[in-house]
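Everything on this sheet refers to the single structure shown next.
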Amino acid sequence: MSNSIFYKVKEGCCLIQVFILLICASCSLHSCRNESARLSDYVNPFIGASTNTEAAGAYHGLGKTFPGATTPFGAVQVSPNTITGGDNGSGYSYEHETIEGFAFTQMSGIGWGGDLGNLLVMPTVGTMRTNSGKENGVVGYRSRYDKSSEEAGAGYYKVLLTDYQVEVEATATPHCGMLRLVYPESEQSRIQIDLARRVGGTSTLQAVKVVDDHTISGRMECTPDGGGWGNGEGNANYTVYFYAEFSKPLKTFGVWSVKIPEGRSRKLEFVESPEFQWLTADAAVMYNAEEYEGEHIGFFTEFETKAGEEVLFKSGISYVSEAGAEKNLKAEITDWNFDGVREQARNLWDDALSKIKVQGGTDEQRKVFYTSLYHTMIDPRIFTDVDGKYMGADGQAHESDQFVKRTIFSGWDVFRSQMPLQTIIDPKLVNDLLMSLTTMAEESGRSYYERWELMNAYSGCMLGNPAISVLADAYAKGICRFDMEKAYEYADKTSRMFGNAELGYALNPNGISKTLEYAYTEWCMSRLAEALGKHEDAEHYAKLSQSYKNLYDKEKHSFRPREADGSFEAWPANGKLQEWYGCIECNELQQGWFVPHDIQSMVELMGGTEQVIADLDTMFAKTPADFLWNVYYNHANEPVHHVPYLYNRLGQPWKTQKWSRFICENAYHNKVEGLVGNEDVGQMSAWYVLSACGLYPVCPGDTRYEITSPVFETIEIQVGEGKTFVIKANKNSAKNLYIQSARLNGQNYAKCYLDYKDIMAGGILELEMGNTPNTLWGD
């Protein structure tokens with residue numbers, strides 16, 4: 001007896017309804033779910049799948065996740081794309097009414113224009129068009145789609161393209177994607193592949209060749225000249241190789257090629273322009289071209305179809321070579337069994353999600369929890385082929401059996417929650433990431449750590465030295481399995497390049513954010529140096545970690561950016577609430593709490609414990625209950641994510657319990673608008689996963705995890721070597737959210753925190769819950 005749950009978005013509303021397909025009609029819904037529900041059943045990929053700025057109330061938009069098919073940390077994401085252009089990094093937004101194709105690579109939850117969205121495949125019927133068209137009615141190969149037909153689950157996506165009456169299903173393996181296309185009766189059915197397409201810009205050079213009567217291969221070169229990450233400012237420079245097979249033979253096929261005016265910019269502005277649509281609509285079409293290279297090309301194959309006829313397409317993806325793409329495909333998809341590939345993807349998700357099992361809570365909470373856990377397992381994705389080869393930062397192929405090369409490190413975001421979560425449930429992943437960043441520093445010849453890595457690019461996005469945080473945290477937890485002397489050398493150079501040493505603070509732009517974040521990672525460096533026996537360095541960095549004090553103005557009760565001559569920048573009319581006053585994407589009220597390594601001294605600087613508690617109370621009291629973008633506790637962005645847990649450090653842990661539960665309940669929902677801000681490559685979801693489990697790390701690099709009120713009655717975490725750490729919250733409910741007492745492995749436990757080693761040793765933390773605060777526990 002088995003069932004399968006998928007998610008369906010109803011046209012005209014944002015409610016996501018669960019439809020349950022029962023294999024055995026004789027069993028009731030309740031009994032069937034209890035007997036055979038799988039963890040992947042609780043994953044709703046539509047959560048956060050919107051870039052809508054109006055719904056978010058801010059230019060950052062909402063979750064920016066993609067709803068398509070992928071596998072845990074897989075290199076391939078087969079997903080519908082509704083838009084090219086704007087700040088739509090996932091390529092998809094729920095409110096759009098047309099789909100321009102199904103890409104085999106996507107980014108998750110990011111801004112800055114995005115990137116990837118390569119190998120865009122589109123089934124069409126009738127007259128062929130070579131331009132994408134636009135959502136506003138510009139005709140192209142894109143199609144309207146039936147919202148009520150749209151379904152998504154872990155490793156699966158389905159939709160009906162109404163203009164062509166073609167049903168599309170997508171699934172994936174770690175290195176490959178597969179489409180099942182069901183056509184109407186037609187003498188002119190088709191699969192088109194836009195090889196130039198790229199989220200946030202365009203590929204600048206593409207090539208394709210016919211291998212045999214069912215197979216093509218090729219490449220798509222994506223350089224900063226073609227926009228992409230940060231519209232080229234992010235320096236993304238990568239090549240996607242593919243090896244693709246069609247279930248129907250290639251009889252009528254060809255390429256289209258667009259003539260790009262000499263000297264014309266290929267960046268985002270061009271791709272968004274009417275000129276781009278005119279040029280691509282006027283492409284030259286060449287039938288029977290068996291090999292072609294150009295600046296903007298596509299491939300197509302035409303065939304007759306009967307009503308309801310299935311045509312399948314599958315492709316391996318590699319960032320190393322066409323041969324690598326071929327190996328990937330032949331290793332992972334050996335036949336045309338779409339349902340088998342889909343089931344394999346689902347099994348991979350069931351296994352990955354089983355690292356944390358929860359009991360209790362509502363059905364809604366379980367869906368939010370497992371979708372959050374799912375979103376923490378998209379990145380850092382594999383960048384290594386099945387044969388162990390990966391593309392290095394020197395532009396050369398490398399091979400290693402020591403680690404899996406990974407990519408997409410959104411450092412400024414993920415050092416806070418995502419990486420500390422992975423140190424518990426997947427420490428090998430963290431080691432792989434650090435080895436990937438370390439080999440990148442070596443292969444590139446730069447010998448320092450990048451803060452926001454994408455496909456080996458030193459993008460310079462955001463600020464701080466988050467790789468040092470991840471390194472210090474992993475080393476303190478005994479995770480690192482690589483040359484620490486080399487890692488320290490690169491971390492030391494990073495800190496000296498980007499830090500507080502020159503003036504004792506960092507200058508604008510974003511001087512407050514830089515100074516505070518550098519001070520924190522300078523503390524991380526002092527811990528690393530001391531552990532490695534580098535005592536002089538340890539003392540040097542320990543002094544620099546106090547640099548945050550140099551920006552504090554007691555008269556204004558605020559951090560303030562200083563000029564090079566030491567004077568404060570003029571005080572703004574909105575005071576602490578002024579966004580971008582020395583702060584990146586936030587204000588001083590939000591950024592100013594970021595002294596996680598020295599909370600006691602921060603409290604003294606700010607006027608003492610009573611004053612700080614009063615300031616925190618006021619901040620939360622003024623925060624809107626929907627947690628959309630605001631000037632108080634702005635959960636939609638990362639700088640405040642540790643703030644609810646400061647109460648644990650101030651002797652009032654019951655307020656941490658109150659607010660973490662309130663945020664879990666009000667900032668996360670089982671709907672498209674279910675994330676109040678960008679998902680940010682796992683960070684927003686990791687905050688929920690940790691908090692819902694009743695744990696949170698205020699200061700990565702310190703092995704302390706704060707204890708808070710869990711959302712569920714029982715949480716079982718797989719911590720490796722067959723061990724589990726179980727958190728039981730007896731009598732837990734929406735009202736009984738306060739911890740009355742605790743026992744750790746049967747012994748009374750009065751602390752409001754655990755050490756990492758306590759968690760990883762396995763055991764049971766048992767909490768007694770009640771409806772009123774126990775002001776004595778955990779103080």
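Residues are named by chain letter and number: chains run A, B, ... in the order of the structure tokens, numbers start at 1 in each chain, and ligands are numbered from 1 in the order shown.
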Could you list, as a compact mmCIF listing (two decimals) with all heavy atoms, in the first residue's frame, every residue within 9 Å of Leu181 of chain A, counting only C-alpha atoms and ignoring same-chain residues fewer than 6 positions away?
```txt
# COMPACT_ATOMS: atom_id res chain seq x y z
N PRO A 123 8.87 22.55 -25.56
CA PRO A 123 8.08 21.86 -26.57
C PRO A 123 7.12 22.84 -27.23
O PRO A 123 6.46 23.63 -26.55
CB PRO A 123 7.32 20.82 -25.75
CG PRO A 123 7.16 21.45 -24.40
CD PRO A 123 8.39 22.30 -24.19
N VAL A 166 0.46 20.89 -24.72
CA VAL A 166 1.50 19.92 -24.40
C VAL A 166 1.63 19.82 -22.88
O VAL A 166 1.78 20.84 -22.20
CB VAL A 166 2.86 20.31 -25.01
CG1 VAL A 166 3.95 19.33 -24.57
CG2 VAL A 166 2.77 20.36 -26.53
N GLU A 167 1.54 18.61 -22.37
CA GLU A 167 1.77 18.37 -20.95
C GLU A 167 3.25 18.09 -20.73
O GLU A 167 3.85 17.27 -21.44
CB GLU A 167 0.95 17.18 -20.47
CG GLU A 167 1.09 16.88 -18.99
CD GLU A 167 0.28 15.66 -18.59
OE1 GLU A 167 0.79 14.52 -18.79
OE2 GLU A 167 -0.84 15.83 -18.10
N VAL A 168 3.85 18.77 -19.75
CA VAL A 168 5.28 18.64 -19.48
C VAL A 168 5.48 18.09 -18.08
O VAL A 168 4.88 18.59 -17.11
CB VAL A 168 5.99 20.00 -19.60
CG1 VAL A 168 7.48 19.86 -19.30
CG2 VAL A 168 5.77 20.62 -20.97
N GLU A 169 6.31 17.08 -17.95
CA GLU A 169 6.73 16.56 -16.65
C GLU A 169 8.25 16.60 -16.60
O GLU A 169 8.92 16.33 -17.60
CB GLU A 169 6.25 15.13 -16.44
CG GLU A 169 4.75 14.98 -16.31
CD GLU A 169 4.35 13.52 -16.19
OE1 GLU A 169 4.26 12.86 -17.26
OE2 GLU A 169 4.17 13.03 -15.06
N ALA A 170 8.79 16.92 -15.42
CA ALA A 170 10.23 17.02 -15.26
C ALA A 170 10.68 16.23 -14.03
O ALA A 170 9.98 16.20 -13.01
CB ALA A 170 10.65 18.49 -15.09
N GLU A 309 0.62 11.29 -27.54
CA GLU A 309 1.91 10.63 -27.72
C GLU A 309 2.98 11.23 -26.81
O GLU A 309 3.11 12.45 -26.70
CB GLU A 309 2.37 10.72 -29.17
CG GLU A 309 3.68 9.99 -29.45
CD GLU A 309 4.07 9.98 -30.92
OE1 GLU A 309 3.24 10.39 -31.77
OE2 GLU A 309 5.21 9.56 -31.22
N GLU A 310 3.73 10.35 -26.18
CA GLU A 310 4.81 10.78 -25.29
C GLU A 310 6.12 10.87 -26.07
O GLU A 310 6.47 9.96 -26.82
CB GLU A 310 5.00 9.80 -24.13
CG GLU A 310 3.86 9.79 -23.13
CD GLU A 310 4.14 8.85 -21.97
OE1 GLU A 310 5.22 8.20 -21.96
OE2 GLU A 310 3.28 8.75 -21.08
N VAL A 311 6.84 11.97 -25.85
CA VAL A 311 8.20 12.13 -26.36
C VAL A 311 9.07 12.50 -25.17
O VAL A 311 8.70 13.36 -24.38
CB VAL A 311 8.27 13.22 -27.44
CG1 VAL A 311 9.71 13.37 -27.94
CG2 VAL A 311 7.33 12.91 -28.59
N LEU A 312 10.21 11.84 -25.05
CA LEU A 312 11.07 12.09 -23.90
C LEU A 312 12.40 12.72 -24.32
O LEU A 312 12.90 12.46 -25.43
CB LEU A 312 11.33 10.81 -23.12
CG LEU A 312 10.08 10.26 -22.39
CD1 LEU A 312 9.48 9.12 -23.20
CD2 LEU A 312 10.39 9.82 -20.98
N PHE A 313 12.92 13.51 -23.42
CA PHE A 313 14.21 14.19 -23.62
C PHE A 313 14.99 14.05 -22.32
O PHE A 313 14.45 14.22 -21.22
CB PHE A 313 13.97 15.66 -23.93
CG PHE A 313 15.23 16.50 -24.00
CD1 PHE A 313 15.94 16.62 -25.19
CD2 PHE A 313 15.70 17.17 -22.86
CE1 PHE A 313 17.10 17.39 -25.24
CE2 PHE A 313 16.86 17.94 -22.92
CZ PHE A 313 17.56 18.05 -24.11
```
Within 9 Å of Pro174 of chain A using only C-alpha atoms, minus same-chain residues under 2 positions, as a short mmCIF file (atom, residue, chain, number, x, y, z; two decimals) with all heavy atoms, in the first residue's frame:
```
data_model
loop_
_atom_site.label_atom_id
_atom_site.label_comp_id
_atom_site.auth_asym_id
_atom_site.auth_seq_id
_atom_site.Cartn_x
_atom_site.Cartn_y
_atom_site.Cartn_z
N THR A 70 14.74 18.59 -8.62
CA THR A 70 16.17 18.46 -8.33
C THR A 70 16.36 17.34 -7.33
O THR A 70 15.40 16.73 -6.86
CB THR A 70 16.75 19.79 -7.82
OG1 THR A 70 18.18 19.72 -7.79
CG2 THR A 70 16.23 20.14 -6.44
N THR A 71 17.62 17.05 -7.00
CA THR A 71 17.96 16.04 -6.00
C THR A 71 18.81 16.71 -4.93
O THR A 71 19.29 17.83 -5.11
CB THR A 71 18.74 14.88 -6.64
OG1 THR A 71 19.90 15.41 -7.30
CG2 THR A 71 17.88 14.13 -7.64
N PRO A 72 19.02 16.06 -3.78
CA PRO A 72 19.79 16.70 -2.71
C PRO A 72 21.19 17.13 -3.16
O PRO A 72 21.99 16.30 -3.59
CB PRO A 72 19.86 15.61 -1.63
CG PRO A 72 18.64 14.77 -1.88
CD PRO A 72 18.48 14.75 -3.37
N PHE A 73 21.42 18.44 -3.12
CA PHE A 73 22.70 19.04 -3.51
C PHE A 73 23.11 18.67 -4.93
O PHE A 73 24.28 18.62 -5.27
CB PHE A 73 23.80 18.65 -2.51
CG PHE A 73 23.50 19.03 -1.10
CD1 PHE A 73 23.12 18.08 -0.16
CD2 PHE A 73 23.57 20.36 -0.69
CE1 PHE A 73 22.83 18.44 1.15
CE2 PHE A 73 23.28 20.73 0.61
CZ PHE A 73 22.92 19.76 1.54
N GLY A 74 22.11 18.44 -5.80
CA GLY A 74 22.38 18.03 -7.17
C GLY A 74 22.88 19.17 -8.04
O GLY A 74 22.60 20.35 -7.79
N ALA A 75 23.58 18.80 -9.10
CA ALA A 75 24.08 19.79 -10.06
C ALA A 75 23.01 20.26 -11.02
O ALA A 75 23.18 21.28 -11.69
CB ALA A 75 25.26 19.21 -10.83
N VAL A 76 21.91 19.52 -11.12
CA VAL A 76 20.87 19.80 -12.10
C VAL A 76 19.56 20.15 -11.40
O VAL A 76 19.18 19.52 -10.41
CB VAL A 76 20.66 18.59 -13.04
CG1 VAL A 76 19.39 18.71 -13.85
CG2 VAL A 76 21.88 18.44 -13.96
N GLN A 77 18.88 21.16 -11.95
CA GLN A 77 17.57 21.58 -11.48
C GLN A 77 16.72 21.81 -12.73
O GLN A 77 16.99 22.75 -13.49
CB GLN A 77 17.63 22.87 -10.65
CG GLN A 77 18.62 22.83 -9.48
CD GLN A 77 20.05 23.00 -9.91
OE1 GLN A 77 20.36 23.72 -10.87
NE2 GLN A 77 20.97 22.33 -9.22
N ALA A 172 14.73 14.61 -12.18
CA ALA A 172 16.19 14.84 -12.21
C ALA A 172 16.94 13.75 -11.47
O ALA A 172 16.39 13.04 -10.61
CB ALA A 172 16.51 16.20 -11.58
N CYS A 176 21.81 14.96 -14.09
CA CYS A 176 21.01 14.86 -15.32
C CYS A 176 19.58 15.31 -15.07
O CYS A 176 19.10 15.31 -13.93
CB CYS A 176 20.97 13.42 -15.84
SG CYS A 176 22.59 12.63 -16.01
N GLY A 177 18.91 15.64 -16.16
CA GLY A 177 17.50 15.96 -16.10
C GLY A 177 16.74 15.22 -17.17
O GLY A 177 17.31 14.79 -18.18
N ASN A 328 28.10 11.37 -17.35
CA ASN A 328 27.08 11.60 -16.33
C ASN A 328 25.74 11.01 -16.74
O ASN A 328 25.06 10.36 -15.95
CB ASN A 328 26.93 13.11 -16.08
CG ASN A 328 28.13 13.71 -15.38
OD1 ASN A 328 28.93 13.01 -14.76
ND2 ASN A 328 28.27 15.02 -15.48
N GLU A 332 23.76 7.71 -15.00
CA GLU A 332 22.61 7.97 -14.14
C GLU A 332 21.24 7.71 -14.78
O GLU A 332 20.28 7.42 -14.08
CB GLU A 332 22.66 9.42 -13.62
CG GLU A 332 23.84 9.66 -12.69
CD GLU A 332 23.90 11.07 -12.13
OE1 GLU A 332 23.10 11.93 -12.56
OE2 GLU A 332 24.76 11.32 -11.26
N ALA A 345 14.60 9.82 -7.62
CA ALA A 345 14.78 11.16 -7.03
C ALA A 345 14.05 11.27 -5.71
O ALA A 345 14.57 11.81 -4.72
CB ALA A 345 14.28 12.23 -8.00
N ILE A 382 26.85 19.94 -5.91
CA ILE A 382 28.02 19.25 -6.46
C ILE A 382 28.48 19.92 -7.74
O ILE A 382 27.68 20.36 -8.56
CB ILE A 382 27.73 17.75 -6.70
CG1 ILE A 382 26.48 17.56 -7.55
CG2 ILE A 382 27.62 16.99 -5.40
CD1 ILE A 382 26.20 16.11 -7.92
#
```
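Taking only C-alpha atoms, the non-local environment of Glu453 of chain A within 10 Å (same-chain residues fewer than 5 positions away omitted) comprises Gly234, Asn235, Ala236, Pro380, Arg406, Thr407, Ile408, Phe409, Ser410, Gly411, Leu437, Met440, Tyr458, Ser459, Gly460, Cys461 and Ala467 of chain A.
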Filtering to N, CA, C and O atoms, could you give me those residues as a CSV table (one decimal), in the first residue's frame?
```
chain,number,residue,atom,x,y,z
A,234,GLY,N,29.5,40.3,-10.9
A,234,GLY,CA,29.8,39.1,-10.1
A,234,GLY,C,30.9,38.2,-10.7
A,234,GLY,O,31.2,37.2,-10.1
A,235,ASN,N,31.4,38.6,-11.9
A,235,ASN,CA,32.5,37.9,-12.6
A,235,ASN,C,32.2,36.4,-12.9
A,235,ASN,O,33.2,35.6,-13.0
A,236,ALA,N,31.0,36.0,-13.0
A,236,ALA,CA,30.7,34.6,-13.3
A,236,ALA,C,31.2,34.3,-14.7
A,236,ALA,O,30.8,34.9,-15.6
A,380,PRO,N,25.4,24.0,-0.8
A,380,PRO,CA,26.3,24.1,-1.9
A,380,PRO,C,26.2,22.8,-2.7
A,380,PRO,O,26.5,21.7,-2.2
A,406,ARG,N,32.3,21.6,-4.5
A,406,ARG,CA,31.0,22.1,-4.4
A,406,ARG,C,31.0,23.6,-4.8
A,406,ARG,O,32.0,24.3,-4.8
A,407,THR,N,29.8,24.1,-5.2
A,407,THR,CA,29.7,25.5,-5.6
A,407,THR,C,28.5,26.2,-5.1
A,407,THR,O,27.5,25.5,-4.7
A,408,ILE,N,28.4,27.5,-5.2
A,408,ILE,CA,27.4,28.4,-4.7
A,408,ILE,C,27.5,28.5,-3.1
A,408,ILE,O,26.7,27.8,-2.4
A,409,PHE,N,28.4,29.3,-2.7
A,409,PHE,CA,28.6,29.6,-1.3
A,409,PHE,C,28.1,31.1,-1.1
A,409,PHE,O,28.9,32.0,-1.4
A,410,SER,N,26.9,31.2,-0.6
A,410,SER,CA,26.4,32.6,-0.3
A,410,SER,C,26.8,33.0,1.1
A,410,SER,O,26.0,33.0,2.0
A,411,GLY,N,28.1,33.2,1.3
A,411,GLY,CA,28.7,33.3,2.6
A,411,GLY,C,28.0,34.2,3.6
A,411,GLY,O,27.8,33.8,4.7
A,437,LEU,N,36.6,25.7,-1.3
A,437,LEU,CA,37.0,27.1,-1.2
A,437,LEU,C,38.5,27.2,-1.1
A,437,LEU,O,39.2,28.2,-1.6
A,440,MET,N,40.1,26.5,-4.5
A,440,MET,CA,39.8,27.6,-5.3
A,440,MET,C,40.8,28.7,-5.1
A,440,MET,O,41.3,29.4,-6.0
A,458,TYR,N,35.2,34.9,-8.0
A,458,TYR,CA,35.4,35.8,-6.9
A,458,TYR,C,34.4,37.0,-7.2
A,458,TYR,O,34.8,37.9,-7.9
A,459,SER,N,33.2,36.9,-6.7
A,459,SER,CA,32.2,37.8,-7.1
A,459,SER,C,32.2,39.1,-6.3
A,459,SER,O,31.7,40.1,-6.7
A,460,GLY,N,32.8,39.0,-5.1
A,460,GLY,CA,32.9,40.2,-4.2
A,460,GLY,C,31.5,40.7,-3.7
A,460,GLY,O,31.4,41.8,-3.2
A,461,CYS,N,30.5,39.8,-3.8
A,461,CYS,CA,29.1,40.1,-3.4
A,461,CYS,C,29.1,40.2,-1.9
A,461,CYS,O,29.6,39.4,-1.2
A,467,ALA,N,33.7,33.0,5.0
A,467,ALA,CA,34.4,31.7,4.9
A,467,ALA,C,35.3,31.4,6.1
A,467,ALA,O,35.4,30.3,6.6
```
Write out as a PyMOL selection string the set of residues from segment 543-584 of chain A that DSSP, computed on the backbone, places in strand (DSSP E or B). chain A and resi 552-553+558-559+562+568
inquiry  = Excluding Val358 of chain A and its own-chain neighbours fewer than 4 positions away, which residues fall within 12 Å of it when counting only C-alpha atoms? Please give them as a count of residues only.
reply    = 31
Need to verify the contact set: segment 274-282 of chain A, 8 Å, only C-alpha atoms, exclusion of same-chain residues closer than 3 positions in sequence. Can you return it as a ChimeraX atom specification?
/A:129-133,140,258-260,270-271
File dump, residues just selected, C-alpha atoms, as a PDB file, in the first residue's frame:
```pdb
ATOM      1  CA  ARG A 129       9.313  31.029 -33.370  1.00  0.00           C
ATOM      2  CA  THR A 130      12.918  31.707 -32.418  1.00  0.00           C
ATOM      3  CA  ASN A 131      12.361  34.535 -29.926  1.00  0.00           C
ATOM      4  CA  SER A 132      11.194  33.885 -26.385  1.00  0.00           C
ATOM      5  CA  GLY A 133       8.458  36.495 -26.355  1.00  0.00           C
ATOM      6  CA  GLY A 140       7.385  34.083 -29.043  1.00  0.00           C
ATOM      7  CA  VAL A 258      20.836  35.314 -34.409  1.00  0.00           C
ATOM      8  CA  LYS A 259      23.083  37.967 -35.922  1.00  0.00           C
ATOM      9  CA  ILE A 260      24.242  40.168 -33.046  1.00  0.00           C
ATOM     10  CA  PHE A 270      20.048  44.175 -24.101  1.00  0.00           C
ATOM     11  CA  VAL A 271      18.196  40.990 -23.180  1.00  0.00           C
TER      12      VAL A 271
END
```
Excluding same-chain residues fewer than 6 positions from Leu205 of chain A, what lies within 7 Å of it counting only C-alpha atoms, as a PyMOL selection string? chain A and resi 220-221+294-296
Go ahead and write the residues just picked, C-alpha atoms, as a JSON list (two decimals), in the first residue's frame.
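Saved as selection-v1.json:
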```json
[["chain", "number", "residue", "atom", "x", "y", "z"],
["A", 220, "MET", "CA", 27.24, 27.18, -23.63],
["A", 221, "GLU", "CA", 29.91, 29.69, -22.59],
["A", 294, "GLY", "CA", 27.55, 30.97, -32.89],
["A", 295, "GLU", "CA", 26.98, 33.91, -30.60],
["A", 296, "HIS", "CA", 23.27, 33.23, -30.14]]
```
_One number please: atom CA of Pro249 of chain A to atom CA of Phe303 of chain A, in Å, one decimal._
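Between these atoms lies a distance of 8.7 Å.
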If you run DSSP over the backbone, which residues in segment 488-642 of chain A end up alpha helix (DSSP H)? Put them as a VMD selection string. chain A and resid 488 to 497 511 to 531 535 to 544 588 to 591 599 to 605 609 to 621
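Candidate residues A:Phe300, A:Ile99, A:Lys314, A:Ser547 were compared for distance to Ser601 of chain A, and the nearest is A:Ser547, using only C-alpha atoms.
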Shell of 8 Å around segment 141-157 of chain A, only C-alpha atoms, local chain residues under 2 positions omitted, as a count of residues only: 48
Discussion item. I'd like the interatomic distance between atom CA of Ser217 of chain A and atom CA of Thr202 of chain A, to a tenth of an Å.
Written reply: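 Separating atom CA of Ser217 of chain A from atom CA of Thr202 of chain A is a distance of 19.2 Å.
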From the list A:Pro427, A:Asn648, A:Gly582, A:Tyr287, the nearest residue to Glu721 of chain A using only C-alpha atoms is A:Pro427
Shortest contact to Gly316 of chain A, candidates A:Cys480, A:Met419, A:Val285, A:Leu119, atoms counted only C-alpha atoms, goes to A:Leu119
